[in-house]
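Engineer: So that you have it, the file is upload.cif, and it contains mmCIF, C-alpha atoms and all ligand atoms:
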```
data_run
#
loop_
_atom_site.label_atom_id
_atom_site.label_comp_id
_atom_site.auth_asym_id
_atom_site.auth_seq_id
_atom_site.Cartn_x
_atom_site.Cartn_y
_atom_site.Cartn_z
CA MET A 1 49.65 122.76 126.32
CA SER A 2 51.47 122.73 122.97
CA SER A 3 51.20 119.67 120.77
CA VAL A 4 54.36 117.69 119.99
CA LYS A 5 55.79 118.51 116.57
CA LYS A 6 57.80 116.03 114.51
CA VAL A 7 61.17 117.19 113.26
CA ALA A 8 62.97 115.36 110.43
CA VAL A 9 66.73 115.56 110.92
CA ILE A 10 68.94 115.52 107.83
CA VAL A 11 72.70 115.20 108.30
CA GLY A 12 74.86 116.31 105.38
CA SER A 13 77.73 113.88 106.09
CA LEU A 14 77.42 110.20 105.18
CA ARG A 15 80.44 108.88 107.05
CA ALA A 16 79.94 106.56 110.02
CA GLU A 17 82.13 108.61 112.38
CA SER A 18 80.56 111.93 111.36
CA LYS A 19 81.12 114.72 113.87
CA THR A 20 78.19 116.56 112.34
CA ARG A 21 75.92 113.69 113.29
CA LEU A 22 77.19 113.98 116.86
CA LEU A 23 76.37 117.67 116.69
CA ALA A 24 72.83 116.88 115.56
CA LYS A 25 72.44 114.51 118.52
CA ALA A 26 73.77 117.18 120.87
CA ILE A 27 71.19 119.71 119.61
CA ILE A 28 68.41 117.14 120.02
CA ALA A 29 69.56 116.51 123.61
CA GLU A 30 69.01 120.21 124.37
CA ALA A 31 65.62 120.50 122.67
CA PRO A 32 62.36 121.16 124.54
CA GLU A 33 59.82 118.36 125.03
CA ASN A 34 57.37 119.73 122.46
CA LEU A 35 59.67 118.48 119.70
CA SER A 36 60.31 114.87 118.64
CA PHE A 37 63.11 113.98 116.23
CA ASP A 38 63.67 111.34 113.55
CA PHE A 39 66.84 111.05 111.50
CA VAL A 40 66.03 110.76 107.80
CA GLU A 41 68.87 109.11 105.90
CA ILE A 42 70.00 110.42 102.51
CA GLY A 43 72.90 108.12 101.57
CA GLU A 44 70.88 105.64 99.51
CA LEU A 45 68.98 108.17 97.37
CA ALA A 46 69.74 107.73 93.68
CA LEU A 47 71.07 110.90 92.09
CA TYR A 48 68.18 113.01 90.93
CA ASN A 49 67.31 112.30 87.30
CA GLU A 50 64.03 113.48 85.78
CA ASP A 51 63.92 110.34 83.63
CA LEU A 52 63.22 108.38 86.84
CA GLU A 53 60.28 110.63 87.72
CA THR A 54 57.68 108.19 86.40
CA ASP A 55 54.63 106.60 88.05
CA THR A 56 57.13 104.30 89.76
CA PRO A 57 60.07 106.41 90.94
CA PRO A 58 62.89 104.74 92.92
CA ALA A 59 61.60 103.26 96.19
CA ALA A 60 64.22 105.19 98.16
CA TRP A 61 62.88 108.46 96.72
CA THR A 62 59.30 107.54 97.62
CA GLY A 63 60.25 106.57 101.17
CA PHE A 64 62.28 109.74 101.65
CA ARG A 65 59.48 111.98 100.35
CA LYS A 66 57.01 110.25 102.68
CA GLN A 67 59.27 110.79 105.71
CA ILE A 68 59.66 114.48 104.93
CA SER A 69 55.95 114.89 104.17
CA GLU A 70 55.02 113.36 107.51
CA ALA A 71 57.32 115.70 109.45
CA ASP A 72 56.23 119.11 110.71
CA ALA A 73 59.69 120.67 110.41
CA VAL A 74 63.20 119.91 109.15
CA LEU A 75 66.52 120.34 110.94
CA PHE A 76 69.54 120.41 108.62
CA VAL A 77 72.92 119.80 110.24
CA THR A 78 75.76 119.70 107.76
CA PRO A 79 79.44 120.16 107.14
CA GLU A 80 80.65 122.40 104.36
CA TYR A 81 82.22 120.86 101.26
CA ASN A 82 84.19 123.26 99.08
CA ARG A 83 82.40 126.26 100.53
CA SER A 84 79.00 124.77 99.70
CA VAL A 85 76.58 122.01 100.62
CA PRO A 86 77.78 118.37 100.30
CA GLY A 87 76.48 116.79 97.10
CA ALA A 88 74.48 114.18 99.02
CA LEU A 89 72.55 116.90 100.81
CA LYS A 90 71.88 118.87 97.63
CA ASN A 91 70.60 115.64 96.08
CA ALA A 92 68.24 115.17 99.04
CA ILE A 93 66.98 118.70 98.50
CA ASP A 94 66.37 117.96 94.82
CA VAL A 95 64.70 114.58 95.43
CA GLY A 96 62.35 116.07 98.04
CA SER A 97 61.52 119.02 95.83
CA ARG A 98 59.79 117.02 93.10
CA PRO A 99 57.39 116.13 91.45
CA TYR A 100 56.90 119.78 90.52
CA GLY A 101 54.26 121.40 92.69
CA LYS A 102 54.42 118.57 95.26
CA ALA A 103 57.64 119.38 97.12
CA ALA A 104 57.67 117.41 100.38
CA TYR A 105 59.53 120.29 102.03
CA SER A 106 57.09 123.02 101.06
CA GLY A 107 56.10 125.37 103.86
CA LYS A 108 57.81 123.42 106.64
CA PRO A 109 59.85 125.45 109.12
CA ALA A 110 63.57 124.66 109.01
CA ALA A 111 66.76 125.28 110.92
CA ILE A 112 70.22 125.17 109.39
CA VAL A 113 73.24 124.32 111.52
CA THR A 114 76.60 124.16 109.75
CA ALA A 115 79.88 123.07 111.25
CA SER A 116 83.54 122.96 110.43
CA PRO A 117 86.86 122.02 112.02
CA GLY A 118 88.02 125.57 111.25
CA GLY A 119 86.68 128.91 112.42
CA ILE A 120 84.32 129.83 109.58
CA GLY A 121 81.79 127.22 110.73
CA GLY A 122 80.44 126.31 107.31
CA PHE A 123 79.17 129.80 106.52
CA GLY A 124 79.26 129.12 102.77
CA ALA A 125 77.25 125.90 103.06
CA ASN A 126 74.80 127.56 105.42
CA HIS A 127 73.93 130.33 103.01
CA HIS A 128 73.89 128.16 99.90
CA LEU A 129 71.36 125.94 101.67
CA ARG A 130 69.30 129.00 102.67
CA GLN A 131 69.11 129.94 99.00
CA SER A 132 67.53 126.58 98.15
CA LEU A 133 65.10 126.77 101.06
CA VAL A 134 63.80 130.14 99.87
CA PHE A 135 62.74 128.45 96.64
CA LEU A 136 61.11 125.64 98.64
CA ASN A 137 59.10 128.21 100.62
CA MET A 138 60.51 127.05 103.97
CA PRO A 139 60.55 129.59 106.81
CA VAL A 140 64.12 129.30 108.14
CA LEU A 141 65.34 130.12 111.63
CA GLN A 142 67.15 133.44 111.29
CA GLN A 143 68.56 133.94 114.79
CA PRO A 144 70.64 132.64 116.28
CA GLU A 145 72.71 131.92 113.20
CA ALA A 146 74.53 128.63 113.71
CA TYR A 147 78.04 128.45 112.26
CA ILE A 148 79.81 126.00 114.56
CA GLY A 149 83.62 126.07 114.45
CA GLY A 150 86.10 123.75 116.17
CA LEU A 151 84.06 120.66 115.25
CA TRP A 152 86.88 118.16 115.77
CA GLU A 153 87.57 119.32 119.33
CA MET A 154 83.94 119.66 120.36
CA PHE A 155 83.24 116.17 121.75
CA ASP A 156 84.76 113.90 124.38
CA GLU A 157 85.33 110.20 123.70
CA ALA A 158 81.76 109.38 124.72
CA GLY A 159 80.43 111.88 122.15
CA ASN A 160 79.39 114.50 124.69
CA VAL A 161 79.89 118.23 124.13
CA LYS A 162 82.89 119.28 126.22
CA SER A 163 82.19 123.01 126.57
CA GLU A 164 79.32 124.20 128.74
CA ASP A 165 79.15 127.42 126.70
CA THR A 166 78.77 125.41 123.49
CA ARG A 167 76.07 123.26 125.10
CA LYS A 168 74.18 126.42 126.12
CA PHE A 169 74.45 127.78 122.58
CA LEU A 170 73.02 124.55 121.19
CA LYS A 171 70.10 124.92 123.61
CA THR A 172 69.53 128.46 122.32
CA ILE A 173 69.36 127.10 118.77
CA ALA A 174 66.94 124.33 119.78
CA ASN A 175 64.70 126.77 121.65
CA GLY A 176 64.77 129.26 118.79
CA PHE A 177 63.73 126.52 116.38
CA SER A 178 60.95 125.44 118.72
CA ASP A 179 59.64 129.02 118.81
CA LEU A 180 59.73 129.24 115.00
CA ILE A 181 57.79 125.97 114.73
CA LYS A 182 55.19 127.22 117.22
CA ARG A 183 54.81 130.49 115.36
CA THR A 184 54.50 128.67 112.04
CA TYR A 185 51.71 126.45 113.34
CA HIS A 186 50.08 129.27 115.36
CA ASP A 187 50.61 127.14 118.40
CA LEU A 188 51.71 129.79 120.91
CA GLY A 189 50.09 130.06 124.31
C1 LIG B 1 85.78 119.28 103.50
N1 LIG B 1 85.97 120.08 104.63
C2 LIG B 1 85.73 121.44 104.56
N2 LIG B 1 85.66 122.20 105.70
C3 LIG B 1 85.36 123.53 105.62
O1 LIG B 1 85.30 124.20 106.64
N3 LIG B 1 85.10 124.12 104.42
C4 LIG B 1 85.15 123.44 103.25
O2 LIG B 1 84.88 124.01 102.21
C5 LIG B 1 85.46 122.04 103.31
N4 LIG B 1 85.50 121.30 102.16
C6 LIG B 1 85.57 119.92 102.25
C7 LIG B 1 85.38 119.16 101.10
C8 LIG B 1 85.36 117.77 101.20
C9 LIG B 1 85.09 116.97 99.95
C10 LIG B 1 85.57 117.14 102.44
C11 LIG B 1 85.54 115.63 102.54
C12 LIG B 1 85.80 117.89 103.56
C13 LIG B 1 86.30 119.45 105.92
C14 LIG B 1 85.05 119.04 106.68
O3 LIG B 1 84.51 120.17 107.34
C15 LIG B 1 85.39 117.98 107.72
O4 LIG B 1 85.86 116.83 107.04
C16 LIG B 1 84.23 117.62 108.63
O5 LIG B 1 84.69 116.86 109.73
C17 LIG B 1 83.17 116.83 107.89
O6 LIG B 1 82.10 116.57 108.76
P1 LIG B 1 81.80 115.12 109.36
O7 LIG B 1 81.97 114.12 108.26
O8 LIG B 1 82.82 114.92 110.46
O9 LIG B 1 80.41 115.23 109.87
#
```
Spell out the structure here as structure tokens.
Structural biologist:
Amino acid sequence: MSSVKKVAVIVGSLRAESKTRLLAKAIIAEAPENLSFDFVEIGELALYNEDLETDTPPAAWTGFRKQISEADAVLFVTPEYNRSVPGALKNAIDVGSRPYGKAAYSGKPAAIVTASPGGIGGFGANHHLRQSLVFLNMPVLQQPEAYIGGLWEMFDEAGNVKSEDTRKFLKTIANGFSDLIKRTYHDLG
């Protein structure tokens, strides 16, 4: 039997009523039992500044780096801001990438799910984030690609996904990510 792998979940939106956060929860609900999930919050991370990279960096940075280090994999679920990644998420990438040579993200399998109220589904954010993850040496889920459109109509008042087809697609993403994690840790069979 496969061992349970820990997935850190990073949501690119900070707002309390974030639809993207609902989307992250919907993906988790479809995930197989060999994955466990913990949301890692990014809203309190000071903006990255190398001057703060001393023997005593900000406590929020240290806590964040520890949470990412202790995870086996990272799931990014984010909206697109101005055809790119929200600044808070880019900051979380930068904070977790240092000190140089000690990136908390390094080598961990990742999945990127972007979403948008419109039809493009955050394509620009998705691929900008992929560019950063190449540098961080993270194997990223390639297929299925996850550009989720119609974000504002996706959920009912209880926060459940309304469309059965969408729910099935989210399951495909979760299963694909699980397979990538198994392959990465040579955990198949
Ligand atoms: C947006 N939004 C947006 N949407 C999009 O599809 N492409 C874009 O480039 C942008 N740019 C953008 C910039 C800024 C500063 C904001 C605040 C919003 C709209 C965005 O997708 C929408 O607000 C989502 O609902 C945000 O996700 P949450 O907060 O609901 O998770």
Engineer: Which value, in Å to one decimal, gives the distance between CA of Glu80 in chain A and atom C17 of ligand LIG 1 (chain B)?
Structural biologist: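 Interatomic distance here is 7.1 Å.
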Engineer: To check your reading of the model: which residues sit at most 8 Å from ligand LIG 1 (chain B) when counting all atoms listed in the file? Write the answer as a PDB file with C-alpha atoms, in the frame of the given file.
Structural biologist:
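Writing done, so here's out-v4.pdb:
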```
ATOM      1  CA  VAL A  11      72.700 115.200 108.300  1.00  0.00           C
ATOM      2  CA  GLY A  12      74.860 116.310 105.380  1.00  0.00           C
ATOM      3  CA  SER A  13      77.730 113.880 106.090  1.00  0.00           C
ATOM      4  CA  LEU A  14      77.420 110.200 105.180  1.00  0.00           C
ATOM      5  CA  ARG A  15      80.440 108.880 107.050  1.00  0.00           C
ATOM      6  CA  GLU A  17      82.130 108.610 112.380  1.00  0.00           C
ATOM      7  CA  SER A  18      80.560 111.930 111.360  1.00  0.00           C
ATOM      8  CA  LYS A  19      81.120 114.720 113.870  1.00  0.00           C
ATOM      9  CA  THR A  20      78.190 116.560 112.340  1.00  0.00           C
ATOM     10  CA  ARG A  21      75.920 113.690 113.290  1.00  0.00           C
ATOM     11  CA  LEU A  22      77.190 113.980 116.860  1.00  0.00           C
ATOM     12  CA  THR A  78      75.760 119.700 107.760  1.00  0.00           C
ATOM     13  CA  PRO A  79      79.440 120.160 107.140  1.00  0.00           C
ATOM     14  CA  GLU A  80      80.650 122.400 104.360  1.00  0.00           C
ATOM     15  CA  TYR A  81      82.220 120.860 101.260  1.00  0.00           C
ATOM     16  CA  ASN A  82      84.190 123.260  99.080  1.00  0.00           C
ATOM     17  CA  ARG A  83      82.400 126.260 100.530  1.00  0.00           C
ATOM     18  CA  SER A  84      79.000 124.770  99.700  1.00  0.00           C
ATOM     19  CA  PRO A  86      77.780 118.370 100.300  1.00  0.00           C
ATOM     20  CA  ALA A 115      79.880 123.070 111.250  1.00  0.00           C
ATOM     21  CA  SER A 116      83.540 122.960 110.430  1.00  0.00           C
ATOM     22  CA  PRO A 117      86.860 122.020 112.020  1.00  0.00           C
ATOM     23  CA  GLY A 118      88.020 125.570 111.250  1.00  0.00           C
ATOM     24  CA  GLY A 119      86.680 128.910 112.420  1.00  0.00           C
ATOM     25  CA  ILE A 120      84.320 129.830 109.580  1.00  0.00           C
ATOM     26  CA  GLY A 121      81.790 127.220 110.730  1.00  0.00           C
ATOM     27  CA  GLY A 122      80.440 126.310 107.310  1.00  0.00           C
ATOM     28  CA  GLY A 124      79.260 129.120 102.770  1.00  0.00           C
ATOM     29  CA  ALA A 125      77.250 125.900 103.060  1.00  0.00           C
ATOM     30  CA  LEU A 151      84.060 120.660 115.250  1.00  0.00           C
ATOM     31  CA  TRP A 152      86.880 118.160 115.770  1.00  0.00           C
TER      32      TRP A 152
END
```
Engineer: At most 9 Å is the cut-off: for each residue in range 77-167 of chain A with any atom that close to an atom of range 46-56 of chain A, write down the nearest atom pair and the distance in Å rounded to one decimal, counting all atoms listed in the file, chain first then increasing number, as CSV.
Structural biologist:
```
residue,atom,partner,partner_atom,distance
A:Ala88,CA,A:Leu47,CA,8.4
A:Asn91,CA,A:Leu47,CA,6.2
A:Ala92,CA,A:Tyr48,CA,8.4
A:Asp94,CA,A:Tyr48,CA,6.6
A:Val95,CA,A:Tyr48,CA,5.9
A:Arg98,CA,A:Glu53,CA,8.4
A:Pro99,CA,A:Glu53,CA,7.2
```
Engineer: Write out as a list in words each polymer residue whose atoms come within 10 Å of Ile27 in chain A, counting only C-alpha atoms; drop sequence neighbours fewer than 4 positions from it.
Structural biologist: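 Once the adjacent positions are removed, what remains is Arg21, Leu22, Leu23, Ala31, Leu75, Val77, Val113, Val161, Arg167, Lys168, Phe169, Leu170, Lys171, Thr172, Ile173, Ala174 and Asn175 of chain A.
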Engineer: Please list as a PyMOL selection string every residue within 6 Å of range 66-73 of chain A, counting all atoms listed in the file and excluding residues in the same chain fewer than 4 positions away.
Structural biologist: chain A and resi 5-8+104+108-110
Engineer: Work out how far apart CA of Gly43 in chain A and CA of Ser97 in chain A are and give it in Å to one decimal.
Structural biologist: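 So the two atoms, CA of Gly43 in chain A and CA of Ser97 in chain A, lie 16.8 Å apart.
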Engineer: Do you know which residues are at most 7 Å from range 126-132 of chain A counting all atoms listed in the file, after dropping those on the same chain fewer than 2 positions away, and could you put them as an MDAnalysis selection string?
Structural biologist: chainID A and resid 84:85 112 114 122:124 134:136
Engineer: How many Å lie between CA of Leu133 in chain A and CA of Pro58 in chain A, rounded to one decimal?
Structural biologist: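 Separation of CA of Leu133 in chain A and CA of Pro58 in chain A: 23.6 Å.
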Engineer: Missing atoms in range 48-62 of chain A need filling: write out N, CA, C and O atoms for it as an mmCIF file, in the coordinates of the input.
Structural biologist:
```cif
data_model
loop_
_atom_site.group_PDB
_atom_site.id
_atom_site.type_symbol
_atom_site.label_atom_id
_atom_site.label_comp_id
_atom_site.auth_asym_id
_atom_site.auth_seq_id
_atom_site.Cartn_x
_atom_site.Cartn_y
_atom_site.Cartn_z
ATOM 1 N N TYR A 48 69.408 112.554 91.567
ATOM 2 C CA TYR A 48 68.180 113.010 90.930
ATOM 3 C C TYR A 48 68.322 113.010 89.405
ATOM 4 O O TYR A 48 69.292 113.544 88.854
ATOM 5 N N ASN A 49 67.337 112.416 88.760
ATOM 6 C CA ASN A 49 67.310 112.300 87.300
ATOM 7 C C ASN A 49 65.844 112.335 86.895
ATOM 8 O O ASN A 49 65.060 111.465 87.302
ATOM 9 N N GLU A 50 65.457 113.335 86.139
ATOM 10 C CA GLU A 50 64.030 113.480 85.780
ATOM 11 C C GLU A 50 63.498 112.280 85.021
ATOM 12 O O GLU A 50 62.291 112.030 85.044
ATOM 13 N N ASP A 51 64.377 111.529 84.354
ATOM 14 C CA ASP A 51 63.920 110.340 83.630
ATOM 15 C C ASP A 51 63.321 109.295 84.582
ATOM 16 O O ASP A 51 62.530 108.444 84.166
ATOM 17 N N LEU A 52 63.733 109.346 85.850
ATOM 18 C CA LEU A 52 63.220 108.380 86.840
ATOM 19 C C LEU A 52 61.907 108.841 87.472
ATOM 20 O O LEU A 52 61.306 108.117 88.268
ATOM 21 N N GLU A 53 61.492 110.054 87.116
ATOM 22 C CA GLU A 53 60.280 110.630 87.720
ATOM 23 C C GLU A 53 59.045 110.139 86.987
ATOM 24 O O GLU A 53 58.341 110.899 86.328
ATOM 25 N N THR A 54 58.808 108.835 87.084
ATOM 26 C CA THR A 54 57.680 108.190 86.400
ATOM 27 C C THR A 54 56.595 107.878 87.440
ATOM 28 O O THR A 54 56.665 108.344 88.571
ATOM 29 N N ASP A 55 55.638 107.041 87.076
ATOM 30 C CA ASP A 55 54.630 106.600 88.050
ATOM 31 C C ASP A 55 55.261 105.706 89.113
ATOM 32 O O ASP A 55 54.670 105.484 90.169
ATOM 33 N N THR A 56 56.423 105.152 88.793
ATOM 34 C CA THR A 56 57.130 104.300 89.760
ATOM 35 C C THR A 56 58.563 104.807 89.969
ATOM 36 O O THR A 56 59.510 104.206 89.470
ATOM 37 N N PRO A 57 58.719 105.905 90.682
ATOM 38 C CA PRO A 57 60.070 106.410 90.940
ATOM 39 C C PRO A 57 60.818 105.467 91.869
ATOM 40 O O PRO A 57 60.214 104.547 92.452
ATOM 41 N N PRO A 58 62.133 105.633 92.044
ATOM 42 C CA PRO A 58 62.890 104.740 92.920
ATOM 43 C C PRO A 58 62.257 104.672 94.317
ATOM 44 O O PRO A 58 61.815 105.697 94.859
ATOM 45 N N ALA A 59 62.236 103.459 94.878
ATOM 46 C CA ALA A 59 61.600 103.260 96.190
ATOM 47 C C ALA A 59 62.240 104.158 97.252
ATOM 48 O O ALA A 59 61.553 104.676 98.149
ATOM 49 N N ALA A 60 63.552 104.348 97.162
ATOM 50 C CA ALA A 60 64.220 105.190 98.160
ATOM 51 C C ALA A 60 63.716 106.629 98.084
ATOM 52 O O ALA A 60 63.572 107.297 99.110
ATOM 53 N N TRP A 61 63.426 107.104 96.877
ATOM 54 C CA TRP A 61 62.880 108.460 96.720
ATOM 55 C C TRP A 61 61.493 108.537 97.384
ATOM 56 O O TRP A 61 61.194 109.473 98.117
ATOM 57 N N THR A 62 60.674 107.535 97.096
ATOM 58 C CA THR A 62 59.300 107.540 97.620
ATOM 59 C C THR A 62 59.313 107.526 99.147
ATOM 60 O O THR A 62 58.563 108.264 99.795
#
```
